[in-house]
Amino acid sequence: MSDDEARERAIAIWREAYRLQMAGDLDAAAARYRESIGVCATAEAHTFLGWTLSFQGHLDAAIAECLRAIEIDPDFGNPYNDIGVYLMQQDKLEEALPWLERAKRAARYEPRQFPFMNSARIHMKRGRWWDALREFEAAVRVAPTDTSAHQALHSLRAVPPEAMRELL
């Protein structure tokens, strides 16, 4: 099998894994992602395997998959954001921020607003209202049609900074 044929086959298996993941069959999805990686390792398959593992509560393994994805394609932004999210889930908020910054700068990444929104959530949790506001504003700038980004920004603007501490 040529390299192009292997990549096409791996992508077809990856798509099937994604369908299984969205249907909630995480074990089967993880097996198919691994099969895809065995045919032709892609950043997408490693990232989505990590996502599946995170749903199963295996955050360290999810991070390891994202690191493999970054080795394959450092321009693919999703694994950077995902590592940030997994660290947030482990309450390692300050460690998460540099990963989210890298996701923001990645050449190839959609949905681009996610690392901004995740950074804003960290800042809110840390009581850094102005930093959170700046991040939500950036999320709206990069994704002007995302209603969740607009809602988050509007909600934050509706609360005076002195009242933020009571909400956190």
# chains A, B, ... in the order shown; residues from 1 in each chain; ligands from 1
call {"tool": "residues_around", "arguments": {"residues": "Val85 in chain A", "least_positions_apart": "3", "cutoff": "8 Å", "atoms": "only C-alpha atoms", "output": "ChimeraX atom specification"}}
result
/A:81-82,88-89,96,118
call {"tool": "write_last_selection", "arguments": {"atoms": "all heavy atoms", "output": "compact mmCIF listing (two decimals), in the first residue's frame"}}
result
# COMPACT_ATOMS: atom_id res chain seq x y z
N ASN A 81 -5.07 22.95 22.71
CA ASN A 81 -6.26 23.32 23.48
C ASN A 81 -6.71 22.17 24.37
O ASN A 81 -7.06 22.37 25.53
CB ASN A 81 -7.39 23.74 22.55
CG ASN A 81 -8.61 24.19 23.33
OD1 ASN A 81 -8.62 25.26 23.93
ND2 ASN A 81 -9.64 23.37 23.34
N ASP A 82 -6.71 20.97 23.81
CA ASP A 82 -7.17 19.82 24.58
C ASP A 82 -6.30 19.58 25.81
O ASP A 82 -6.81 19.29 26.90
CB ASP A 82 -7.24 18.57 23.70
CG ASP A 82 -8.35 18.63 22.66
OD1 ASP A 82 -9.09 19.64 22.62
OD2 ASP A 82 -8.46 17.69 21.86
N MET A 88 -6.98 21.76 33.04
CA MET A 88 -8.04 22.45 33.78
C MET A 88 -8.85 21.44 34.59
O MET A 88 -9.19 21.68 35.75
CB MET A 88 -8.97 23.21 32.82
CG MET A 88 -8.35 24.44 32.19
SD MET A 88 -9.34 25.13 30.84
CE MET A 88 -10.79 25.71 31.74
N GLN A 89 -9.18 20.31 33.97
CA GLN A 89 -9.95 19.28 34.66
C GLN A 89 -9.18 18.71 35.85
O GLN A 89 -9.79 18.23 36.80
CB GLN A 89 -10.34 18.17 33.68
CG GLN A 89 -11.36 18.62 32.66
CD GLN A 89 -11.62 17.57 31.59
OE1 GLN A 89 -10.92 16.57 31.46
NE2 GLN A 89 -12.63 17.82 30.78
N ALA A 96 -2.23 25.09 32.51
CA ALA A 96 -3.06 25.02 31.31
C ALA A 96 -2.87 26.24 30.40
O ALA A 96 -2.94 26.12 29.17
CB ALA A 96 -4.53 24.90 31.71
N ASN A 118 -11.54 29.15 26.98
CA ASN A 118 -10.98 28.36 28.09
C ASN A 118 -10.06 29.21 28.96
O ASN A 118 -10.07 29.10 30.19
CB ASN A 118 -10.26 27.13 27.54
CG ASN A 118 -11.23 26.11 27.00
OD1 ASN A 118 -12.32 25.93 27.53
ND2 ASN A 118 -10.85 25.44 25.93
call {"tool": "residues_around", "arguments": {"residues": "Gln151 in chain A", "least_positions_apart": "3", "cutoff": "12 Å", "atoms": "only C-alpha atoms", "output": "compact mmCIF listing (two decimals) with N, CA and C atoms, in the first residue's frame"}}
result
# COMPACT_ATOMS: atom_id res chain seq x y z
N MET A 117 -11.84 31.15 25.07
CA MET A 117 -12.91 30.93 26.05
C MET A 117 -12.39 30.12 27.25
N PHE A 136 -12.70 36.78 26.47
CA PHE A 136 -14.02 36.61 25.84
C PHE A 136 -14.19 37.56 24.66
N GLU A 137 -13.67 38.79 24.78
CA GLU A 137 -13.73 39.73 23.65
C GLU A 137 -12.95 39.18 22.46
N ALA A 139 -12.43 36.02 21.82
CA ALA A 139 -13.20 34.89 21.30
C ALA A 139 -14.27 35.38 20.33
N VAL A 140 -14.93 36.46 20.69
CA VAL A 140 -15.97 37.03 19.81
C VAL A 140 -15.35 37.58 18.53
N PRO A 144 -17.14 35.64 15.27
CA PRO A 144 -18.25 36.57 15.48
C PRO A 144 -19.64 35.95 15.40
N THR A 145 -19.75 34.75 14.84
CA THR A 145 -21.07 34.11 14.76
C THR A 145 -21.32 33.10 15.87
N ASP A 146 -20.35 32.91 16.77
CA ASP A 146 -20.51 31.94 17.86
C ASP A 146 -21.37 32.56 18.96
N THR A 147 -22.59 32.07 19.10
CA THR A 147 -23.51 32.64 20.10
C THR A 147 -23.05 32.37 21.52
N SER A 148 -22.38 31.24 21.76
CA SER A 148 -21.92 30.96 23.13
C SER A 148 -20.84 31.94 23.55
N HIS A 154 -21.37 38.73 27.17
CA HIS A 154 -22.48 39.53 27.69
C HIS A 154 -22.70 39.26 29.19
N SER A 155 -22.64 38.00 29.58
CA SER A 155 -22.84 37.64 30.99
C SER A 155 -21.76 38.26 31.87
N LEU A 156 -20.52 38.20 31.39
CA LEU A 156 -19.42 38.76 32.17
C LEU A 156 -19.54 40.28 32.26
N ARG A 157 -19.91 40.91 31.17
CA ARG A 157 -20.07 42.37 31.19
C ARG A 157 -21.21 42.82 32.10
N ALA A 158 -22.18 41.94 32.33
CA ALA A 158 -23.34 42.29 33.14
C ALA A 158 -23.03 42.29 34.63
call {"tool": "atom_distance", "arguments": {"atom1": "CA of Arg15 in chain A", "atom2": "CA of Lys104 in chain A"}}
result
25.5 Å
call {"tool": "residues_around", "arguments": {"residues": "Glu5 in chain A", "least_positions_apart": "6", "cutoff": "12 Å", "atoms": "only C-alpha atoms", "output": "PDB file with all heavy atoms, in the first residue's frame"}}
result
ATOM      1  N   ILE A  11      -7.685   7.652   7.336  1.00  0.00           N
ATOM      2  CA  ILE A  11      -8.722   8.682   7.477  1.00  0.00           C
ATOM      3  C   ILE A  11     -10.107   8.053   7.482  1.00  0.00           C
ATOM      4  O   ILE A  11     -10.976   8.446   8.267  1.00  0.00           O
ATOM      5  CB  ILE A  11      -8.569   9.757   6.384  1.00  0.00           C
ATOM      6  CG1 ILE A  11      -7.303  10.580   6.653  1.00  0.00           C
ATOM      7  CG2 ILE A  11      -9.798  10.661   6.324  1.00  0.00           C
ATOM      8  CD1 ILE A  11      -6.899  11.491   5.501  1.00  0.00           C
ATOM      9  N   ALA A  12     -10.323   7.047   6.642  1.00  0.00           N
ATOM     10  CA  ALA A  12     -11.625   6.362   6.623  1.00  0.00           C
ATOM     11  C   ALA A  12     -11.892   5.685   7.969  1.00  0.00           C
ATOM     12  O   ALA A  12     -13.006   5.752   8.503  1.00  0.00           O
ATOM     13  CB  ALA A  12     -11.665   5.349   5.483  1.00  0.00           C
ATOM     14  N   VAL A  39      -2.394   2.154  10.867  1.00  0.00           N
ATOM     15  CA  VAL A  39      -2.306   2.224   9.408  1.00  0.00           C
ATOM     16  C   VAL A  39      -1.445   3.407   8.985  1.00  0.00           C
ATOM     17  O   VAL A  39      -0.561   3.283   8.142  1.00  0.00           O
ATOM     18  CB  VAL A  39      -3.721   2.313   8.781  1.00  0.00           C
ATOM     19  CG1 VAL A  39      -3.643   2.574   7.286  1.00  0.00           C
ATOM     20  CG2 VAL A  39      -4.518   1.039   9.068  1.00  0.00           C
ATOM     21  N   CYS A  40      -1.721   4.568   9.581  1.00  0.00           N
ATOM     22  CA  CYS A  40      -0.957   5.793   9.277  1.00  0.00           C
ATOM     23  C   CYS A  40      -1.220   6.785  10.396  1.00  0.00           C
ATOM     24  O   CYS A  40      -2.333   7.296  10.510  1.00  0.00           O
ATOM     25  CB  CYS A  40      -1.374   6.377   7.934  1.00  0.00           C
ATOM     26  SG  CYS A  40      -0.524   7.916   7.511  1.00  0.00           S
TER      27      CYS A  40
END
call {"tool": "atom_distance", "arguments": {"atom1": "CA of Asp25 in chain A", "atom2": "CA of Ala45 in chain A"}}
result
16.2 Å
call {"tool": "atom_distance", "arguments": {"atom1": "CA of Glu8 in chain A", "atom2": "CA of Pro74 in chain A"}}
result
20.8 Å
call {"tool": "closest_residue", "arguments": {"among": "A:Leu20, A:Tyr109, A:Asp27, A:Gly57", "to": "Glu44 in chain A", "atoms": "only C-alpha atoms"}}
result
A:Tyr109
call {"tool": "residues_around", "arguments": {"residues": "His123 in chain A", "least_positions_apart": "6", "cutoff": "7 Å", "atoms": "only C-alpha atoms", "output": "ChimeraX atom specification"}}
result
/A:129,131-132
call {"tool": "write_last_selection", "arguments": {"atoms": "all heavy atoms", "output": "PDB file, in the first residue's frame"}}
result
ATOM      1  N   TRP A 129     -10.932  39.231  36.591  1.00  0.00           N
ATOM      2  CA  TRP A 129     -12.086  39.618  35.787  1.00  0.00           C
ATOM      3  C   TRP A 129     -11.683  40.302  34.491  1.00  0.00           C
ATOM      4  O   TRP A 129     -12.210  40.000  33.423  1.00  0.00           O
ATOM      5  CB  TRP A 129     -12.985  40.534  36.627  1.00  0.00           C
ATOM      6  CG  TRP A 129     -14.290  40.848  35.997  1.00  0.00           C
ATOM      7  CD1 TRP A 129     -15.419  40.094  36.058  1.00  0.00           C
ATOM      8  CD2 TRP A 129     -14.614  41.992  35.207  1.00  0.00           C
ATOM      9  NE1 TRP A 129     -16.431  40.697  35.367  1.00  0.00           N
ATOM     10  CE2 TRP A 129     -15.953  41.872  34.835  1.00  0.00           C
ATOM     11  CE3 TRP A 129     -13.901  43.115  34.793  1.00  0.00           C
ATOM     12  CZ2 TRP A 129     -16.605  42.823  34.058  1.00  0.00           C
ATOM     13  CZ3 TRP A 129     -14.548  44.057  34.011  1.00  0.00           C
ATOM     14  CH2 TRP A 129     -15.884  43.901  33.655  1.00  0.00           C
ATOM     15  N   ASP A 131      -8.879  40.186  32.797  1.00  0.00           N
ATOM     16  CA  ASP A 131      -8.240  39.237  31.880  1.00  0.00           C
ATOM     17  C   ASP A 131      -9.287  38.343  31.218  1.00  0.00           C
ATOM     18  O   ASP A 131      -9.205  38.059  30.020  1.00  0.00           O
ATOM     19  CB  ASP A 131      -7.217  38.380  32.620  1.00  0.00           C
ATOM     20  CG  ASP A 131      -6.000  39.174  33.071  1.00  0.00           C
ATOM     21  OD1 ASP A 131      -5.684  40.205  32.433  1.00  0.00           O
ATOM     22  OD2 ASP A 131      -5.368  38.771  34.064  1.00  0.00           O
ATOM     23  N   ALA A 132     -10.265  37.905  31.997  1.00  0.00           N
ATOM     24  CA  ALA A 132     -11.343  37.085  31.438  1.00  0.00           C
ATOM     25  C   ALA A 132     -12.121  37.863  30.386  1.00  0.00           C
ATOM     26  O   ALA A 132     -12.440  37.336  29.304  1.00  0.00           O
ATOM     27  CB  ALA A 132     -12.275  36.607  32.553  1.00  0.00           C
TER      28      ALA A 132
END
